[in-house]
$ cat my_file-v9.cif   # mmCIF, C-alpha atoms and all ligand atoms
data_structure
#
loop_
_atom_site.label_atom_id
_atom_site.label_comp_id
_atom_site.auth_asym_id
_atom_site.auth_seq_id
_atom_site.Cartn_x
_atom_site.Cartn_y
_atom_site.Cartn_z
CA MET A 1 0.00 0.00 0.00
CA SER A 2 1.23 3.53 -0.81
CA ASP A 3 3.03 5.60 1.80
CA THR A 4 0.68 8.45 2.63
CA SER A 5 -0.04 11.14 5.17
CA PHE A 6 -3.50 12.19 4.02
CA ASP A 7 -6.85 11.45 5.62
CA PHE A 8 -9.71 11.02 3.16
CA LYS A 9 -11.97 8.87 5.35
CA GLY A 10 -15.64 9.30 4.43
CA CYS A 11 -14.83 10.71 0.96
CA THR A 12 -15.66 9.18 -2.40
CA ALA A 13 -13.26 9.86 -5.27
CA ILE A 14 -13.33 9.15 -8.99
CA VAL A 15 -9.99 8.63 -10.77
CA THR A 16 -10.15 8.23 -14.55
CA GLY A 17 -7.47 6.33 -16.43
CA ALA A 18 -6.77 4.63 -13.09
CA GLY A 19 -5.82 1.28 -14.56
CA SER A 20 -2.23 2.31 -15.27
CA GLY A 21 0.64 4.70 -14.51
CA ILE A 22 -0.12 7.96 -12.73
CA GLY A 23 -3.86 7.29 -12.31
CA ALA A 24 -3.22 3.88 -10.73
CA GLU A 25 -0.81 5.41 -8.22
CA ILE A 26 -3.26 8.20 -7.34
CA ALA A 27 -6.02 5.59 -6.85
CA ARG A 28 -3.71 3.53 -4.59
CA GLU A 29 -2.74 6.57 -2.49
CA LEU A 30 -6.35 7.74 -2.15
CA GLY A 31 -7.36 4.21 -1.14
CA ALA A 32 -4.53 4.01 1.39
CA SER A 33 -5.72 7.34 2.81
CA GLY A 34 -9.23 6.08 3.50
CA ALA A 35 -11.12 7.27 0.41
CA HIS A 36 -13.66 5.07 -1.33
CA VAL A 37 -12.09 5.03 -4.79
CA ILE A 38 -14.00 4.60 -8.04
CA VAL A 39 -11.24 3.14 -10.20
CA SER A 40 -12.26 4.02 -13.73
CA ASP A 41 -10.58 3.07 -16.97
CA MET A 42 -11.50 2.19 -20.54
CA ASP A 43 -9.77 -1.14 -19.92
CA GLY A 44 -11.96 -3.16 -17.53
CA ALA A 45 -9.27 -5.70 -16.62
CA SER A 46 -6.83 -3.05 -15.44
CA ALA A 47 -9.56 -1.21 -13.48
CA ASP A 48 -10.46 -4.53 -11.79
CA ARG A 49 -6.79 -5.18 -10.98
CA ILE A 50 -6.14 -1.80 -9.32
CA ALA A 51 -9.47 -1.85 -7.43
CA GLY A 52 -8.56 -5.39 -6.27
CA GLU A 53 -5.14 -4.19 -5.02
CA ILE A 54 -6.80 -1.43 -3.00
CA THR A 55 -9.38 -3.71 -1.38
CA GLU A 56 -6.79 -6.42 -0.67
CA ALA A 57 -4.74 -3.77 1.16
CA GLY A 58 -7.77 -2.99 3.35
CA GLY A 59 -9.19 -0.02 1.42
CA ARG A 60 -12.50 0.57 -0.38
CA ALA A 61 -12.68 0.59 -4.17
CA ASP A 62 -15.04 -0.22 -7.02
CA PRO A 63 -13.95 -0.58 -10.64
CA CYS A 64 -15.95 1.10 -13.41
CA VAL A 65 -15.37 0.92 -17.15
CA ALA A 66 -15.78 4.30 -18.85
CA ASP A 67 -14.39 5.88 -21.99
CA VAL A 68 -13.89 9.55 -21.04
CA ALA A 69 -14.42 10.58 -24.66
CA ASP A 70 -18.03 9.43 -24.37
CA ALA A 71 -20.13 12.01 -22.48
CA ALA A 72 -22.90 9.52 -21.64
CA ALA A 73 -20.36 7.06 -20.21
CA VAL A 74 -18.87 9.82 -18.04
CA GLU A 75 -22.34 10.75 -16.76
CA ARG A 76 -22.95 7.07 -15.90
CA LEU A 77 -19.56 6.96 -14.11
CA VAL A 78 -20.56 9.88 -11.88
CA ASP A 79 -23.94 8.23 -11.14
CA PHE A 80 -22.10 4.98 -10.32
CA ALA A 81 -19.85 6.83 -7.85
CA VAL A 82 -22.89 8.30 -6.06
CA GLU A 83 -24.63 4.91 -6.05
CA LYS A 84 -21.58 3.20 -4.51
CA GLY A 85 -20.31 5.99 -2.25
CA GLY A 86 -23.46 7.98 -1.41
CA ALA A 87 -21.97 11.25 -2.74
CA LEU A 88 -19.03 12.49 -4.79
CA HIS A 89 -16.37 14.56 -2.98
CA MET A 90 -13.23 14.33 -5.16
CA ALA A 91 -12.33 13.66 -8.78
CA VAL A 92 -9.11 13.31 -10.71
CA ASN A 93 -9.54 13.69 -14.46
CA ASN A 94 -6.40 11.85 -15.44
CA ALA A 95 -7.13 9.64 -18.50
CA GLY A 96 -5.00 10.69 -21.45
CA ILE A 97 -3.22 9.49 -24.56
CA GLY A 98 -0.09 10.62 -26.38
CA GLY A 99 -1.37 10.61 -29.94
CA PRO A 100 0.59 10.60 -33.19
CA SER A 101 3.90 12.43 -33.57
CA ALA A 102 4.06 14.65 -36.68
CA PRO A 103 4.68 18.29 -37.57
CA LEU A 104 1.48 20.32 -37.58
CA GLY A 105 1.42 20.67 -41.39
CA GLU A 106 1.28 16.87 -41.68
CA TYR A 107 -0.71 16.07 -38.53
CA PRO A 108 -3.25 13.25 -39.16
CA LEU A 109 -6.81 14.57 -38.79
CA ASP A 110 -8.12 11.43 -37.09
CA GLY A 111 -5.22 11.55 -34.59
CA TRP A 112 -6.01 15.20 -33.84
CA ARG A 113 -9.68 14.38 -33.15
CA GLN A 114 -8.79 11.40 -30.95
CA VAL A 115 -6.34 13.38 -28.78
CA ILE A 116 -8.79 16.29 -28.40
CA ASP A 117 -11.63 13.85 -27.63
CA VAL A 118 -9.75 12.09 -24.83
CA ASN A 119 -7.39 14.72 -23.41
CA LEU A 120 -9.65 17.78 -23.66
CA ASN A 121 -13.27 16.71 -24.15
CA GLY A 122 -12.75 13.93 -21.59
CA VAL A 123 -11.78 16.48 -18.94
CA PHE A 124 -14.71 18.73 -19.89
CA TYR A 125 -17.20 15.83 -19.67
CA GLY A 126 -15.70 14.86 -16.32
CA MET A 127 -16.13 18.31 -14.76
CA ARG A 128 -19.48 18.81 -16.54
CA TYR A 129 -21.02 15.92 -14.57
CA GLN A 130 -18.84 15.97 -11.43
CA ILE A 131 -19.56 19.63 -10.57
CA PRO A 132 -23.40 19.43 -10.22
CA THR A 133 -22.98 16.25 -8.16
CA MET A 134 -20.39 17.89 -5.87
CA LEU A 135 -22.64 20.94 -5.46
CA ALA A 136 -25.35 18.57 -4.23
CA ALA A 137 -22.86 17.19 -1.67
CA GLY A 138 -21.97 20.73 -0.47
CA GLY A 139 -18.60 21.04 -2.24
CA GLY A 140 -15.58 19.08 -3.35
CA ALA A 141 -12.19 19.14 -5.02
CA ILE A 142 -11.13 18.33 -8.58
CA VAL A 143 -7.65 17.90 -10.03
CA ASN A 144 -7.20 17.79 -13.80
CA ILE A 145 -4.02 16.21 -15.06
CA GLY A 146 -2.36 18.55 -17.50
CA SER A 147 1.32 18.39 -18.35
CA ILE A 148 4.41 20.56 -18.65
CA LEU A 149 2.91 20.80 -22.14
CA SER A 150 0.08 22.87 -20.61
CA SER A 151 2.57 25.75 -20.61
CA VAL A 152 5.33 25.01 -23.17
CA GLY A 153 5.39 23.49 -26.66
CA PHE A 154 6.87 20.19 -27.87
CA SER A 155 7.70 19.52 -31.52
CA GLY A 156 5.54 16.84 -33.12
CA ALA A 157 2.85 16.99 -30.42
CA SER A 158 0.55 19.85 -31.50
CA ALA A 159 -2.67 18.01 -30.62
CA TYR A 160 -1.42 16.95 -27.17
CA VAL A 161 -0.01 20.43 -26.46
CA ALA A 162 -3.23 22.13 -27.60
CA ALA A 163 -5.38 19.84 -25.44
CA LYS A 164 -3.17 20.23 -22.36
CA HIS A 165 -2.99 24.05 -22.69
CA ALA A 166 -6.80 24.04 -22.94
CA VAL A 167 -7.08 21.90 -19.80
CA ALA A 168 -5.15 24.57 -17.85
CA GLY A 169 -7.44 27.35 -19.14
CA MET A 170 -10.64 25.38 -18.55
CA THR A 171 -9.46 24.54 -15.01
CA LYS A 172 -8.90 28.23 -14.17
CA THR A 173 -12.30 29.25 -15.53
CA ALA A 174 -14.23 26.48 -13.78
CA ALA A 175 -12.39 27.28 -10.52
CA MET A 176 -13.50 30.93 -10.73
CA GLU A 177 -17.09 29.89 -11.40
CA TYR A 178 -17.30 27.52 -8.40
CA ALA A 179 -14.87 28.99 -5.83
CA GLU A 180 -17.64 30.54 -3.75
CA LYS A 181 -19.69 27.36 -3.96
CA GLY A 182 -17.09 25.23 -2.22
CA ILE A 183 -15.51 23.39 -5.15
CA ARG A 184 -11.75 23.78 -5.61
CA ILE A 185 -10.37 22.95 -9.05
CA ASN A 186 -6.67 22.76 -9.91
CA ALA A 187 -4.48 21.38 -12.66
CA VAL A 188 -1.23 19.47 -12.26
CA GLY A 189 1.53 19.55 -14.85
CA PRO A 190 3.89 16.58 -14.70
CA ALA A 191 7.05 16.45 -16.77
CA PHE A 192 8.00 13.09 -18.31
CA ILE A 193 6.99 10.38 -15.87
CA ASP A 194 8.04 6.75 -15.92
CA THR A 195 4.75 5.08 -16.94
CA PRO A 196 3.50 2.76 -19.71
CA LEU A 197 2.53 5.89 -21.70
CA LEU A 198 6.26 6.27 -22.37
CA SER A 199 7.44 2.65 -22.22
CA LYS A 200 4.69 1.35 -24.58
CA ASN A 201 5.26 4.07 -27.21
CA LEU A 202 8.98 4.96 -27.14
CA ASP A 203 12.21 2.99 -27.30
CA ALA A 204 14.75 3.06 -24.46
CA ALA A 205 17.13 5.48 -26.23
CA VAL A 206 14.37 8.07 -26.72
CA ILE A 207 13.26 7.69 -23.09
CA GLU A 208 16.85 8.27 -21.94
CA GLN A 209 17.02 11.38 -24.11
CA LEU A 210 13.76 12.64 -22.57
CA ALA A 211 15.12 12.01 -19.06
CA GLY A 212 18.11 14.21 -19.93
CA LEU A 213 15.83 17.16 -20.72
CA HIS A 214 15.06 17.54 -17.00
CA PRO A 215 17.61 19.50 -14.96
CA ALA A 216 16.91 16.89 -12.26
CA GLY A 217 18.53 14.41 -14.67
CA ARG A 218 15.81 11.77 -14.59
CA LEU A 219 12.16 11.00 -15.26
CA GLY A 220 9.62 11.58 -12.50
CA THR A 221 7.70 8.78 -10.80
CA PRO A 222 3.92 8.28 -10.53
CA ALA A 223 4.25 8.57 -6.73
CA GLU A 224 5.79 12.04 -7.06
CA VAL A 225 2.74 13.16 -9.07
CA SER A 226 0.28 11.43 -6.74
CA ALA A 227 1.72 13.23 -3.68
CA LEU A 228 0.93 16.62 -5.25
CA VAL A 229 -2.52 15.54 -6.45
CA CYS A 230 -3.47 14.21 -3.00
CA PHE A 231 -2.23 17.42 -1.36
CA LEU A 232 -4.38 19.51 -3.74
CA LEU A 233 -7.41 17.32 -3.01
CA SER A 234 -6.88 17.59 0.74
CA GLN A 235 -8.14 20.23 3.17
CA ARG A 236 -4.53 21.36 3.62
CA ALA A 237 -4.94 23.01 0.20
CA SER A 238 -8.14 24.80 1.24
CA PHE A 239 -7.13 28.19 -0.28
CA ILE A 240 -5.58 26.70 -3.42
CA THR A 241 -7.88 26.79 -6.40
CA GLY A 242 -7.70 27.87 -10.03
CA SER A 243 -4.02 27.20 -10.43
CA TYR A 244 -1.68 24.99 -12.39
CA HIS A 245 0.99 23.18 -10.37
CA LEU A 246 4.14 21.73 -11.90
CA VAL A 247 5.87 18.55 -10.82
CA ASP A 248 8.67 18.68 -13.35
CA GLY A 249 12.25 18.38 -12.03
CA ALA A 250 12.80 21.98 -13.27
CA TYR A 251 11.95 21.07 -16.92
CA THR A 252 10.08 24.34 -17.52
CA ALA A 253 12.47 26.45 -15.41
CA ARG A 254 15.06 26.55 -18.21
P1 LIG A 301 -0.85 5.50 -18.98
O1 LIG A 301 0.09 4.73 -18.14
O2 LIG A 301 -0.98 5.18 -20.43
O3 LIG A 301 -2.29 5.44 -18.28
C1 LIG A 301 -3.40 6.06 -18.85
C2 LIG A 301 -4.61 5.20 -18.62
O4 LIG A 301 -5.74 5.87 -19.21
C3 LIG A 301 -4.50 3.84 -19.28
O5 LIG A 301 -5.00 2.82 -18.43
C4 LIG A 301 -5.38 4.00 -20.52
O6 LIG A 301 -5.94 2.79 -20.97
C5 LIG A 301 -6.45 4.91 -19.98
N1 LIG A 301 -7.18 5.56 -21.05
C6 LIG A 301 -6.75 5.91 -22.30
N2 LIG A 301 -7.75 6.45 -23.00
C7 LIG A 301 -8.85 6.44 -22.20
C8 LIG A 301 -10.19 6.85 -22.36
N3 LIG A 301 -10.62 7.37 -23.53
N4 LIG A 301 -11.04 6.69 -21.33
C9 LIG A 301 -10.62 6.15 -20.16
N5 LIG A 301 -9.37 5.72 -19.95
C10 LIG A 301 -8.49 5.87 -20.95
O7 LIG A 301 -0.51 7.06 -18.93
P2 LIG A 301 0.09 7.99 -17.77
O8 LIG A 301 1.47 8.31 -18.13
O9 LIG A 301 -0.23 7.44 -16.45
O10 LIG A 301 -0.76 9.32 -18.04
C11 LIG A 301 -1.82 9.73 -17.21
C12 LIG A 301 -2.07 11.21 -17.47
O11 LIG A 301 -0.88 11.95 -17.18
C13 LIG A 301 -2.45 11.55 -18.91
O12 LIG A 301 -3.41 12.58 -18.92
C14 LIG A 301 -1.14 12.06 -19.49
O13 LIG A 301 -1.34 12.95 -20.56
C15 LIG A 301 -0.57 12.77 -18.27
N6 LIG A 301 0.86 12.98 -18.33
C16 LIG A 301 1.71 11.92 -18.45
C17 LIG A 301 3.08 12.16 -18.53
C18 LIG A 301 4.08 11.05 -18.68
O14 LIG A 301 5.22 11.35 -19.03
N7 LIG A 301 3.73 9.80 -18.42
C19 LIG A 301 3.55 13.48 -18.48
C20 LIG A 301 2.65 14.52 -18.33
C21 LIG A 301 1.30 14.26 -18.26
P3 LIG A 301 -5.13 1.98 -22.11
O15 LIG A 301 -3.84 1.58 -21.51
O16 LIG A 301 -6.07 0.86 -22.41
O17 LIG A 301 -4.97 2.97 -23.25
#
$ encode --input "my_file-v9.cif" --output "structure tokens"
Amino acid sequence: MSDTSFDFKGCTAIVTGAGSGIGAEIARELGASGAHVIVSDMDGASADRIAGEITEAGGRADPCVADVADAAAVERLVDFAVEKGGALHMAVNNAGIGGPSAPLGEYPLDGWRQVIDVNLNGVFYGMRYQIPTMLAAGGGAIVNIGSILSSVGFSGASAYVAAKHAVAGMTKTAAMEYAEKGIRINAVGPAFIDTPLLSKNLDAAVIEQLAGLHPAGRLGTPAEVSALVCFLLSQRASFITGSYHLVDGAYTAR
């Protein structure tokens, strides 16, 4: 079970894309901190596996298959969380894909639509249904997973960069709209993190090159992202809303 110092007893949390990488680690840490975790992923087997790990370690979790690019599926996911947990208090809109790598003038149109559907529309659908449900519960906290590429560019990744910049802007706007109503909304911007998103799509030499782009001299870990996400979800971050928080080994400081 994850090392944690947070107390989320009595809270229900949705984590999307929780079957792998960063989302799985956030789900584990929330579970270890007492939250009832709705472990959501497009891949049912991986959602089952992570939910199983949490319950075996003594926590509470229910798996739920949902494609975040499908608004109706996201609405059902939120309903499922309320059915299982009684209310929704926290959500982490984490599911994301890398998409094709190509210069903008050659970028495949279907790849563009897919990245925008998952990485941007998926976060919008999440907040669109989470917010009314949290209002009914008297408030809540949302963290949207952006990227360093929410604030800087990256050659070959125009769709991903556009979606992640938009996530930062949408987060700030939603936070302003709901700050007085008790919902805090923040975005987190990880640099390159050692997850299957990298290892499934890139060879070892490219990954090593990416690691070297961080002044810290290495990739980040899912646990290092989860620690920041859990802090932002917690009451210790009670005056933090509407902002974008880097966890990037000084990548964007250059
Ligand atoms: P990951 O290991 O690939 O995990 C992402 C999970 O989301 C996978 O289980 C994936 O399922 C699932 N998923 C993909 N499309 C989905 C959809 N439409 N609906 C629901 N679930 C879906 O990736 P990760 O590295 O943990 O990334 C998590 C988030 O962090 C993403 O938003 C990513 O952009 C962001 N991020 C990652 C890095 C990094 O370097 N790793 C850096 C900055 C930001 P499948 O495996 O079946 O596709």
$ residues_near_ligand --input "my_file-v9.cif" --ligand "ligand LIG 301 (chain A)" --cutoff "7 Å" --atoms "only C-alpha atoms and all ligand atoms" --output "PyMOL selection string"
chain A and resi 16-23+40-43+46+66-69+94-98+118-119+145-148+189-198
$ residues_around --input "my_file-v9.cif" --residues "Ala72 (chain A)" --least-positions-apart "5" --cutoff "12 Å" --atoms "only C-alpha atoms" --output "list in words"
Ala66, Asp67, Leu77, Val78, Asp79, Gly122, Tyr125, Gly126, Arg128 and Tyr129 of chain A
$ residues_around --input "my_file-v9.cif" --residues "Thr55 (chain A)" --least-positions-apart "2" --cutoff "12 Å" --atoms "all atoms listed in the file" --output "count of residues only"
25
$ closest_residue --input "my_file-v9.cif" --among "A:Ala81, A:Val161, A:Met170, A:Ala136" --to "Phe124 (chain A)" --atoms "only C-alpha atoms"
A:Met170
$ closest_residue --input "my_file-v9.cif" --among "A:Val152, A:Leu135, A:Ala163, A:Phe80" --to "Gln114 (chain A)" --atoms "only C-alpha atoms"
A:Ala163
$ closest_residue --input "my_file-v9.cif" --among "A:Leu104, A:Ala159, A:Cys64, A:Val188" --to "Thr171 (chain A)" --atoms "all atoms listed in the file"
A:Val188
$ residues_near_point --input "my_file-v9.cif" --point "(-7.6, 19.0, -6.2)" --cutoff "7 Å" --atoms "all atoms listed in the file" --output "PyMOL selection string"
chain A and resi 141-143+184-186+229+232-233
$ write_last_selection --input "my_file-v9.cif" --atoms "C-alpha atoms" --output "short mmCIF file (atom, residue, chain, number, x, y, z; two decimals), keeping the file's coordinate frame"
data_model
loop_
_atom_site.label_atom_id
_atom_site.label_comp_id
_atom_site.auth_asym_id
_atom_site.auth_seq_id
_atom_site.Cartn_x
_atom_site.Cartn_y
_atom_site.Cartn_z
CA ALA A 141 -12.19 19.14 -5.02
CA ILE A 142 -11.13 18.33 -8.58
CA VAL A 143 -7.65 17.90 -10.03
CA ARG A 184 -11.75 23.78 -5.61
CA ILE A 185 -10.37 22.95 -9.05
CA ASN A 186 -6.67 22.76 -9.91
CA VAL A 229 -2.52 15.54 -6.45
CA LEU A 232 -4.38 19.51 -3.74
CA LEU A 233 -7.41 17.32 -3.01
#
$ closest_residue --input "my_file-v9.cif" --among "A:Ala137, A:Ala162, A:Ala157, A:Val167" --to "Val123 (chain A)" --atoms "all atoms listed in the file"
A:Val167
$ decode --input "my_file-v9.cif" --residues "region 116-128 of chain A" --atoms "N, CA, C and O atoms" --output "short mmCIF file (atom, residue, chain, number, x, y, z; two decimals), in the first residue's frame"
data_model
loop_
_atom_site.label_atom_id
_atom_site.label_comp_id
_atom_site.auth_asym_id
_atom_site.auth_seq_id
_atom_site.Cartn_x
_atom_site.Cartn_y
_atom_site.Cartn_z
N ILE A 116 -7.91 15.25 -28.96
CA ILE A 116 -8.79 16.29 -28.40
C ILE A 116 -9.97 15.62 -27.68
O ILE A 116 -10.39 16.06 -26.60
N ASP A 117 -10.50 14.56 -28.25
CA ASP A 117 -11.63 13.85 -27.63
C ASP A 117 -11.28 13.32 -26.24
O ASP A 117 -12.07 13.45 -25.31
N VAL A 118 -10.11 12.71 -26.12
CA VAL A 118 -9.75 12.09 -24.83
C VAL A 118 -9.17 13.14 -23.88
O VAL A 118 -9.64 13.30 -22.75
N ASN A 119 -8.16 13.88 -24.33
CA ASN A 119 -7.39 14.72 -23.41
C ASN A 119 -8.07 16.05 -23.08
O ASN A 119 -7.79 16.63 -22.04
N LEU A 120 -8.94 16.53 -23.96
CA LEU A 120 -9.65 17.78 -23.66
C LEU A 120 -11.13 17.53 -23.40
O LEU A 120 -11.64 17.84 -22.31
N ASN A 121 -11.84 16.94 -24.37
CA ASN A 121 -13.27 16.71 -24.15
C ASN A 121 -13.50 15.81 -22.94
O ASN A 121 -14.46 16.00 -22.19
N GLY A 122 -12.60 14.84 -22.74
CA GLY A 122 -12.75 13.93 -21.59
C GLY A 122 -12.71 14.68 -20.27
O GLY A 122 -13.46 14.35 -19.34
N VAL A 123 -11.86 15.69 -20.17
CA VAL A 123 -11.78 16.48 -18.94
C VAL A 123 -13.03 17.36 -18.81
O VAL A 123 -13.60 17.50 -17.72
N PHE A 124 -13.47 17.92 -19.92
CA PHE A 124 -14.71 18.73 -19.89
C PHE A 124 -15.90 17.87 -19.44
O PHE A 124 -16.64 18.25 -18.54
N TYR A 125 -16.07 16.69 -20.06
CA TYR A 125 -17.20 15.83 -19.67
C TYR A 125 -17.11 15.48 -18.19
O TYR A 125 -18.11 15.46 -17.48
N GLY A 126 -15.88 15.18 -17.73
CA GLY A 126 -15.70 14.86 -16.32
C GLY A 126 -16.24 15.99 -15.45
O GLY A 126 -17.14 15.79 -14.63
N MET A 127 -15.70 17.18 -15.62
CA MET A 127 -16.13 18.31 -14.76
C MET A 127 -17.61 18.63 -14.98
O MET A 127 -18.32 19.00 -14.04
N ARG A 128 -18.08 18.48 -16.22
CA ARG A 128 -19.48 18.81 -16.54
C ARG A 128 -20.47 18.02 -15.66
O ARG A 128 -21.51 18.55 -15.26
#
